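File shown: model09.tsv. Contents: TSV, N, CA and C atoms.
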chain	number	residue	atom	x	y	z
Q	173	MET	N	9.74	11.52	-2.65
Q	173	MET	CA	9.84	10.21	-3.28
Q	173	MET	C	8.89	10.17	-4.47
Q	174	SER	N	9.37	9.68	-5.58
Q	174	SER	CA	8.58	9.80	-6.80
Q	174	SER	C	7.74	8.58	-7.13
Q	175	ALA	N	8.18	7.40	-6.75
Q	175	ALA	CA	7.39	6.21	-7.07
Q	175	ALA	C	7.33	5.31	-5.85
Q	176	SER	N	6.48	4.31	-5.94
Q	176	SER	CA	6.36	3.38	-4.83
Q	176	SER	C	7.64	2.56	-4.72
Q	177	HIS	N	7.87	2.01	-3.55
Q	177	HIS	CA	9.02	1.13	-3.42
Q	177	HIS	C	8.67	-0.07	-2.56
Q	178	LYS	N	9.49	-1.10	-2.71
Q	178	LYS	CA	9.24	-2.36	-2.03
Q	178	LYS	C	9.59	-2.25	-0.56
Q	179	VAL	N	8.76	-2.87	0.26
Q	179	VAL	CA	9.02	-2.97	1.69
Q	179	VAL	C	8.88	-4.43	2.06
Q	180	SER	N	9.73	-4.90	2.96
Q	180	SER	CA	9.68	-6.30	3.39
Q	180	SER	C	9.36	-6.36	4.88
Q	181	ASP	N	9.21	-7.57	5.39
Q	181	ASP	CA	9.00	-7.72	6.83
Q	181	ASP	C	10.15	-7.07	7.61
Q	182	ALA	N	11.36	-7.14	7.05
Q	182	ALA	CA	12.53	-6.62	7.75
Q	182	ALA	C	12.46	-5.11	7.99
Q	183	ASN	N	11.90	-4.36	7.02
Q	183	ASN	CA	11.88	-2.91	7.20
Q	183	ASN	C	10.46	-2.32	7.29
Q	184	PHE	N	9.45	-3.17	7.48
Q	184	PHE	CA	8.06	-2.70	7.55
Q	184	PHE	C	7.88	-1.69	8.69
Q	185	GLU	N	8.44	-2.00	9.84
Q	185	GLU	CA	8.28	-1.10	10.98
Q	185	GLU	C	8.88	0.27	10.71
Q	186	SER	N	10.11	0.31	10.22
Q	186	SER	CA	10.77	1.60	9.99
Q	186	SER	C	10.15	2.36	8.83
Q	187	GLU	N	9.74	1.66	7.76
Q	187	GLU	CA	9.22	2.32	6.57
Q	187	GLU	C	7.74	2.71	6.68
Q	188	VAL	N	6.98	1.93	7.44
Q	188	VAL	CA	5.53	2.15	7.51
Q	188	VAL	C	5.10	2.63	8.89
Q	189	LEU	N	5.37	1.84	9.90
Q	189	LEU	CA	4.86	2.15	11.23
Q	189	LEU	C	5.49	3.39	11.84
Q	190	LYS	N	6.75	3.67	11.50
Q	190	LYS	CA	7.43	4.83	12.07
Q	190	LYS	C	7.56	5.98	11.08
Q	191	ALA	N	6.83	5.90	9.96
Q	191	ALA	CA	6.90	6.96	8.95
Q	191	ALA	C	6.31	8.25	9.51
Q	192	ALA	N	6.83	9.37	9.02
Q	192	ALA	CA	6.40	10.68	9.51
Q	192	ALA	C	4.97	11.02	9.09
Q	193	GLY	N	4.60	10.63	7.88
Q	193	GLY	CA	3.27	10.96	7.37
Q	193	GLY	C	2.48	9.72	7.05
Q	194	PRO	N	1.35	9.88	6.34
Q	194	PRO	CA	0.55	8.72	5.96
Q	194	PRO	C	1.27	7.83	4.96
Q	195	VAL	N	1.01	6.53	5.05
Q	195	VAL	CA	1.63	5.54	4.16
Q	195	VAL	C	0.53	4.66	3.57
Q	196	VAL	N	0.51	4.54	2.24
Q	196	VAL	CA	-0.38	3.60	1.57
Q	196	VAL	C	0.42	2.33	1.31
Q	197	VAL	N	-0.09	1.21	1.79
Q	197	VAL	CA	0.58	-0.08	1.60
Q	197	VAL	C	-0.25	-0.93	0.64
Q	198	ASP	N	0.42	-1.42	-0.40
Q	198	ASP	CA	-0.19	-2.30	-1.39
Q	198	ASP	C	0.34	-3.71	-1.13
Q	199	PHE	N	-0.52	-4.59	-0.59
Q	199	PHE	CA	-0.14	-5.99	-0.40
Q	199	PHE	C	-0.48	-6.74	-1.68
Q	200	TRP	N	0.51	-7.40	-2.28
Q	200	TRP	CA	0.34	-8.02	-3.60
Q	200	TRP	C	1.18	-9.29	-3.71
Q	201	ALA	N	1.04	-9.98	-4.85
Q	201	ALA	CA	1.86	-11.15	-5.16
Q	201	ALA	C	2.05	-11.25	-6.67
Q	202	GLU	N	3.15	-11.88	-7.08
Q	202	GLU	CA	3.48	-12.04	-8.50
Q	202	GLU	C	2.37	-12.75	-9.28
Q	203	TRP	N	1.73	-13.73	-8.67
Q	203	TRP	CA	0.76	-14.58	-9.35
Q	203	TRP	C	-0.63	-13.95	-9.41
Q	204	CYS	N	-0.79	-12.77	-8.86
Q	204	CYS	CA	-2.11	-12.13	-8.75
Q	204	CYS	C	-2.34	-11.18	-9.92
Q	205	GLY	N	-3.23	-11.56	-10.84
Q	205	GLY	CA	-3.53	-10.73	-12.01
Q	205	GLY	C	-4.03	-9.34	-11.66
Q	206	PRO	N	-5.05	-9.23	-10.78
Q	206	PRO	CA	-5.53	-7.89	-10.40
Q	206	PRO	C	-4.44	-7.03	-9.76
Q	207	CYS	N	-3.52	-7.67	-9.03
Q	207	CYS	CA	-2.41	-6.92	-8.42
Q	207	CYS	C	-1.54	-6.28	-9.50
Q	208	LYS	N	-1.24	-7.07	-10.54
Q	208	LYS	CA	-0.41	-6.55	-11.63
Q	208	LYS	C	-1.13	-5.43	-12.37
Q	209	ALA	N	-2.46	-5.54	-12.50
Q	209	ALA	CA	-3.23	-4.48	-13.15
Q	209	ALA	C	-3.21	-3.20	-12.33
Q	210	MET	N	-3.18	-3.32	-11.02
Q	210	MET	CA	-3.18	-2.15	-10.14
Q	210	MET	C	-1.81	-1.50	-10.02
Q	211	SER	N	-0.76	-2.24	-10.29
Q	211	SER	CA	0.60	-1.76	-10.06
Q	211	SER	C	0.90	-0.40	-10.71
Q	212	PRO	N	0.59	-0.20	-12.01
Q	212	PRO	CA	0.88	1.11	-12.60
Q	212	PRO	C	0.06	2.24	-11.97
Q	213	LEU	N	-1.16	1.93	-11.53
Q	213	LEU	CA	-1.99	2.95	-10.88
Q	213	LEU	C	-1.40	3.34	-9.53
Q	214	VAL	N	-0.88	2.35	-8.82
Q	214	VAL	CA	-0.24	2.60	-7.53
Q	214	VAL	C	1.01	3.46	-7.74
Q	215	ASP	N	1.78	3.15	-8.78
Q	215	ASP	CA	2.97	3.95	-9.08
Q	215	ASP	C	2.60	5.39	-9.44
Q	216	GLU	N	1.52	5.56	-10.20
Q	216	GLU	CA	1.07	6.91	-10.56
Q	216	GLU	C	0.65	7.68	-9.31
Q	217	LEU	N	-0.06	7.01	-8.41
Q	217	LEU	CA	-0.47	7.62	-7.16
Q	217	LEU	C	0.76	8.09	-6.38
Q	218	ALA	N	1.78	7.24	-6.33
Q	218	ALA	CA	3.00	7.59	-5.61
Q	218	ALA	C	3.66	8.81	-6.23
Q	219	THR	N	3.68	8.87	-7.55
Q	219	THR	CA	4.30	9.99	-8.25
Q	219	THR	C	3.52	11.28	-8.00
Q	220	GLU	N	2.19	11.19	-8.09
Q	220	GLU	CA	1.36	12.39	-7.97
Q	220	GLU	C	1.25	12.91	-6.55
Q	221	LEU	N	1.26	12.02	-5.57
Q	221	LEU	CA	1.06	12.43	-4.18
Q	221	LEU	C	2.30	12.25	-3.32
Q	222	GLY	N	3.45	12.11	-3.96
Q	222	GLY	CA	4.69	11.84	-3.24
Q	222	GLY	C	5.05	12.85	-2.17
Q	223	GLN	N	4.57	14.09	-2.31
Q	223	GLN	CA	4.86	15.10	-1.29
Q	223	GLN	C	3.97	14.93	-0.06
Q	224	LYS	N	2.81	14.30	-0.23
Q	224	LYS	CA	1.84	14.19	0.86
Q	224	LYS	C	1.89	12.87	1.60
Q	225	LEU	N	2.34	11.83	0.91
Q	225	LEU	CA	2.34	10.50	1.53
Q	225	LEU	C	3.38	9.61	0.89
Q	226	LYS	N	3.58	8.46	1.53
Q	226	LYS	CA	4.50	7.46	1.00
Q	226	LYS	C	3.67	6.28	0.52
Q	227	VAL	N	4.08	5.69	-0.60
Q	227	VAL	CA	3.39	4.52	-1.14
Q	227	VAL	C	4.40	3.38	-1.22
Q	228	VAL	N	4.04	2.25	-0.60
Q	228	VAL	CA	4.95	1.10	-0.60
Q	228	VAL	C	4.20	-0.16	-1.01
Q	229	LYS	N	4.96	-1.13	-1.49
Q	229	LYS	CA	4.39	-2.42	-1.90
Q	229	LYS	C	5.03	-3.53	-1.09
Q	230	VAL	N	4.18	-4.45	-0.62
Q	230	VAL	CA	4.67	-5.61	0.14
Q	230	VAL	C	4.26	-6.87	-0.60
Q	231	ASN	N	5.26	-7.64	-1.04
Q	231	ASN	CA	5.01	-8.92	-1.69
Q	231	ASN	C	4.70	-9.94	-0.59
Q	232	ILE	N	3.45	-10.45	-0.57
Q	232	ILE	CA	3.03	-11.31	0.54
Q	232	ILE	C	3.75	-12.66	0.55
Q	233	ASP	N	4.27	-13.08	-0.59
Q	233	ASP	CA	5.00	-14.35	-0.64
Q	233	ASP	C	6.39	-14.20	-0.04
Q	234	GLU	N	7.01	-13.04	-0.26
Q	234	GLU	CA	8.37	-12.79	0.24
Q	234	GLU	C	8.34	-12.32	1.70
Q	235	SER	N	7.26	-11.67	2.08
Q	235	SER	CA	7.15	-11.10	3.43
Q	235	SER	C	5.78	-11.42	4.02
Q	236	PRO	N	5.63	-12.62	4.60
Q	236	PRO	CA	4.31	-13.05	5.08
Q	236	PRO	C	3.90	-12.48	6.44
Q	237	ASN	N	4.83	-11.94	7.21
Q	237	ASN	CA	4.49	-11.53	8.57
Q	237	ASN	C	3.55	-10.34	8.63
Q	238	ALA	N	3.86	-9.27	7.89
Q	238	ALA	CA	3.01	-8.07	7.93
Q	238	ALA	C	1.59	-8.37	7.45
Q	239	PRO	N	1.41	-9.05	6.29
Q	239	PRO	CA	0.04	-9.33	5.87
Q	239	PRO	C	-0.72	-10.20	6.87
Q	240	THR	N	-0.03	-11.14	7.51
Q	240	THR	CA	-0.68	-11.99	8.50
Q	240	THR	C	-1.10	-11.16	9.71
Q	241	LYS	N	-0.20	-10.30	10.17
Q	241	LYS	CA	-0.48	-9.45	11.34
Q	241	LYS	C	-1.68	-8.55	11.11
Q	242	TYR	N	-1.83	-8.06	9.89
Q	242	TYR	CA	-2.91	-7.11	9.59
Q	242	TYR	C	-4.12	-7.76	8.93
Q	243	GLY	N	-4.17	-9.10	8.95
Q	243	GLY	CA	-5.36	-9.82	8.52
Q	243	GLY	C	-5.65	-9.77	7.03
Q	244	VAL	N	-4.60	-9.69	6.21
Q	244	VAL	CA	-4.81	-9.68	4.76
Q	244	VAL	C	-5.24	-11.07	4.32
Q	245	ARG	N	-6.44	-11.16	3.72
Q	245	ARG	CA	-6.95	-12.45	3.26
Q	245	ARG	C	-7.06	-12.53	1.76
Q	246	GLY	N	-7.34	-11.42	1.13
Q	246	GLY	CA	-7.43	-11.37	-0.33
Q	246	GLY	C	-6.51	-10.29	-0.84
Q	247	ILE	N	-6.04	-10.45	-2.06
Q	247	ILE	CA	-5.18	-9.41	-2.63
Q	247	ILE	C	-5.71	-9.02	-4.01
Q	248	PRO	N	-5.44	-7.81	-4.46
Q	248	PRO	CA	-4.68	-6.80	-3.73
Q	248	PRO	C	-5.46	-6.23	-2.54
Q	249	THR	N	-4.73	-5.96	-1.46
Q	249	THR	CA	-5.29	-5.25	-0.31
Q	249	THR	C	-4.48	-3.97	-0.14
Q	250	PHE	N	-5.19	-2.88	0.04
Q	250	PHE	CA	-4.56	-1.58	0.25
Q	250	PHE	C	-4.91	-1.10	1.65
Q	251	MET	N	-3.91	-0.64	2.38
Q	251	MET	CA	-4.14	-0.09	3.72
Q	251	MET	C	-3.46	1.26	3.82
Q	252	VAL	N	-4.11	2.17	4.52
Q	252	VAL	CA	-3.49	3.45	4.83
Q	252	VAL	C	-3.13	3.43	6.31
Q	253	PHE	N	-1.85	3.70	6.56
Q	253	PHE	CA	-1.36	3.78	7.93
Q	253	PHE	C	-1.07	5.24	8.28
Q	254	LYS	N	-1.44	5.63	9.51
Q	254	LYS	CA	-1.06	6.93	10.04
Q	254	LYS	C	-0.59	6.69	11.46
Q	255	ASP	N	0.58	7.22	11.78
Q	255	ASP	CA	1.13	7.08	13.13
Q	255	ASP	C	1.15	5.63	13.60
Q	256	GLY	N	1.49	4.72	12.68
Q	256	GLY	CA	1.64	3.31	13.04
Q	256	GLY	C	0.35	2.53	13.12
Q	257	GLN	N	-0.77	3.17	12.81
Q	257	GLN	CA	-2.07	2.50	12.90
Q	257	GLN	C	-2.74	2.43	11.53
Q	258	VAL	N	-3.49	1.34	11.29
Q	258	VAL	CA	-4.29	1.24	10.07
Q	258	VAL	C	-5.50	2.15	10.23
Q	259	VAL	N	-5.69	3.09	9.29
Q	259	VAL	CA	-6.86	3.97	9.37
Q	259	VAL	C	-7.93	3.59	8.37
Q	260	ASP	N	-7.57	2.85	7.32
Q	260	ASP	CA	-8.58	2.37	6.38
Q	260	ASP	C	-7.99	1.27	5.52
Q	261	THR	N	-8.87	0.40	5.02
Q	261	THR	CA	-8.46	-0.75	4.20
Q	261	THR	C	-9.43	-0.90	3.03
Q	262	ARG	N	-8.89	-1.24	1.88
Q	262	ARG	CA	-9.70	-1.60	0.72
Q	262	ARG	C	-9.14	-2.88	0.13
Q	263	VAL	N	-10.03	-3.78	-0.27
Q	263	VAL	CA	-9.60	-5.03	-0.88
Q	263	VAL	C	-10.12	-5.09	-2.31
Q	264	GLY	N	-9.24	-5.48	-3.23
Q	264	GLY	CA	-9.66	-5.66	-4.62
Q	264	GLY	C	-9.23	-4.51	-5.50
Q	265	SER	N	-9.48	-4.70	-6.79
Q	265	SER	CA	-9.08	-3.71	-7.79
Q	265	SER	C	-9.98	-2.49	-7.73
Q	266	MET	N	-9.40	-1.36	-8.12
Q	266	MET	CA	-10.14	-0.11	-8.22
Q	266	MET	C	-9.68	0.60	-9.49
Q	267	SER	N	-10.50	1.51	-9.96
Q	267	SER	CA	-10.05	2.38	-11.05
Q	267	SER	C	-9.11	3.42	-10.45
Q	268	LYS	N	-8.40	4.13	-11.31
Q	268	LYS	CA	-7.50	5.16	-10.81
Q	268	LYS	C	-8.27	6.21	-10.02
Q	269	SER	N	-9.45	6.62	-10.53
Q	269	SER	CA	-10.21	7.64	-9.82
Q	269	SER	C	-10.71	7.12	-8.47
Q	270	GLN	N	-11.10	5.85	-8.41
Q	270	GLN	CA	-11.54	5.27	-7.13
Q	270	GLN	C	-10.38	5.24	-6.13
Q	271	LEU	N	-9.21	4.84	-6.61
Q	271	LEU	CA	-8.03	4.80	-5.75
Q	271	LEU	C	-7.70	6.19	-5.24
Q	272	ASN	N	-7.68	7.16	-6.15
Q	272	ASN	CA	-7.40	8.55	-5.78
Q	272	ASN	C	-8.41	9.08	-4.78
Q	273	ASP	N	-9.69	8.88	-5.07
Q	273	ASP	CA	-10.75	9.38	-4.19
Q	273	ASP	C	-10.63	8.77	-2.79
Q	274	TRP	N	-10.38	7.45	-2.75
Q	274	TRP	CA	-10.26	6.78	-1.47
Q	274	TRP	C	-9.08	7.34	-0.67
Q	275	VAL	N	-7.92	7.44	-1.30
Q	275	VAL	CA	-6.74	7.93	-0.59
Q	275	VAL	C	-6.96	9.36	-0.10
Q	276	HIS	N	-7.53	10.22	-0.96
Q	276	HIS	CA	-7.79	11.60	-0.55
Q	276	HIS	C	-8.79	11.68	0.60
Q	277	SER	N	-9.74	10.75	0.65
Q	277	SER	CA	-10.74	10.77	1.72
Q	277	SER	C	-10.14	10.36	3.05
Q	278	VAL	N	-9.01	9.66	3.01
Q	278	VAL	CA	-8.41	9.12	4.22
Q	278	VAL	C	-7.28	10.00	4.75
Q	279	ILE	N	-6.51	10.58	3.85
Q	279	ILE	CA	-5.32	11.33	4.33
Q	279	ILE	C	-5.64	12.74	4.79
Encoded form (structure tokens):
Amino acid sequence: MSASHKVSDANFESEVLKAAGPVVVDFWAEWCGPCKAMSPLVDELATELGQKLKVVKVNIDESPNAPTKYGVRGIPTFMVFKDGQVVDTRVGSMSKSQLNDWVHSVI
């Protein structure tokens, strides 16, 4: 998979919780400036690490169940899931190198 793709409450379980490898989830919203700033970095991460992990985006306004279940209070929130479990969480904007370093430290 070359770029990130949208996931909703309807397919969160199949796309994230039952995924074969690690999944980075970007919880975001249209009205969130920092989320929009992070979006191209998240897409680059997906392109560069597409063989090692899956990167998905969840719009919290369209799909409120997953962010509520996982305690998302501020956005952007990034979570790494492995085998259906959250293994790490970061809240807020990061530089591309910070995002890369964090993901590599977790996967």
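Proximity of Q:Val244, Q:Ala175, Q:Val258, Q:Leu189 to Val214 in chain Q, computed with all atoms listed in the file, is greatest for Q:Ala175.
The list of residues with at least one atom within 6 Å of Ile232 in chain Q, based on all atoms listed in the file and without residues fewer than 2 positions apart in the same chain, reads Phe199, Trp200, Ala201, Val230, Glu234, Ser235 and Pro236 of chain Q.
Closest approach to Pro239 in chain Q among Q:Gly256, Q:Val196, Q:Glu187, Q:Asp181: Q:Asp181, based on all atoms listed in the file.
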Padding 6 Å on every side, please: axis-aligned box over the listed atoms of range 178-182 of chain Q, centre and edge lengths to one decimal in Å, as lines of an AutoDock Vina configuration file.
center_x = 10.6
center_y = -4.4
center_z = 2.6
size_x = 15.8
size_y = 18.6
size_z = 22.7
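Candidate residues Q:Val275, Q:Val259, Q:Val228, Q:Leu221 were compared for distance to His177 in chain Q, and the nearest is Q:Val228, using only C-alpha atoms.
Summary of the local environment: counting only C-alpha atoms, residues at most 10 Å from Ser176 in chain Q, other than itself and those fewer than 3 positions away along its chain, are Met173, Val179, Val196, Val197, Asp198, Ser211, Pro212, Val214, Asp215, Glu216, Leu217, Ala218, Thr219, Gly222, Lys226, Val227, Val228 and Lys229 of chain Q.
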Backbone-only DSSP, strand (DSSP E or B) members of range 176-279 of chain Q, as a PyMOL selection string: chain Q and resi 177-178+195-200+226-231+249-254+257-263
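Here CA of Leu213 in chain Q stands at a distance of 5.9 Å from CA of Lys268 in chain Q.
Taking range 193-228 of chain Q and asking which residues DSSP calls helix (DSSP H, G or I) on the backbone, you get Gly205, Pro206, Cys207, Lys208, Ala209, Met210, Ser211, Pro212, Leu213, Val214, Asp215, Glu216, Leu217, Ala218, Thr219, Glu220 and Leu221 of chain Q.
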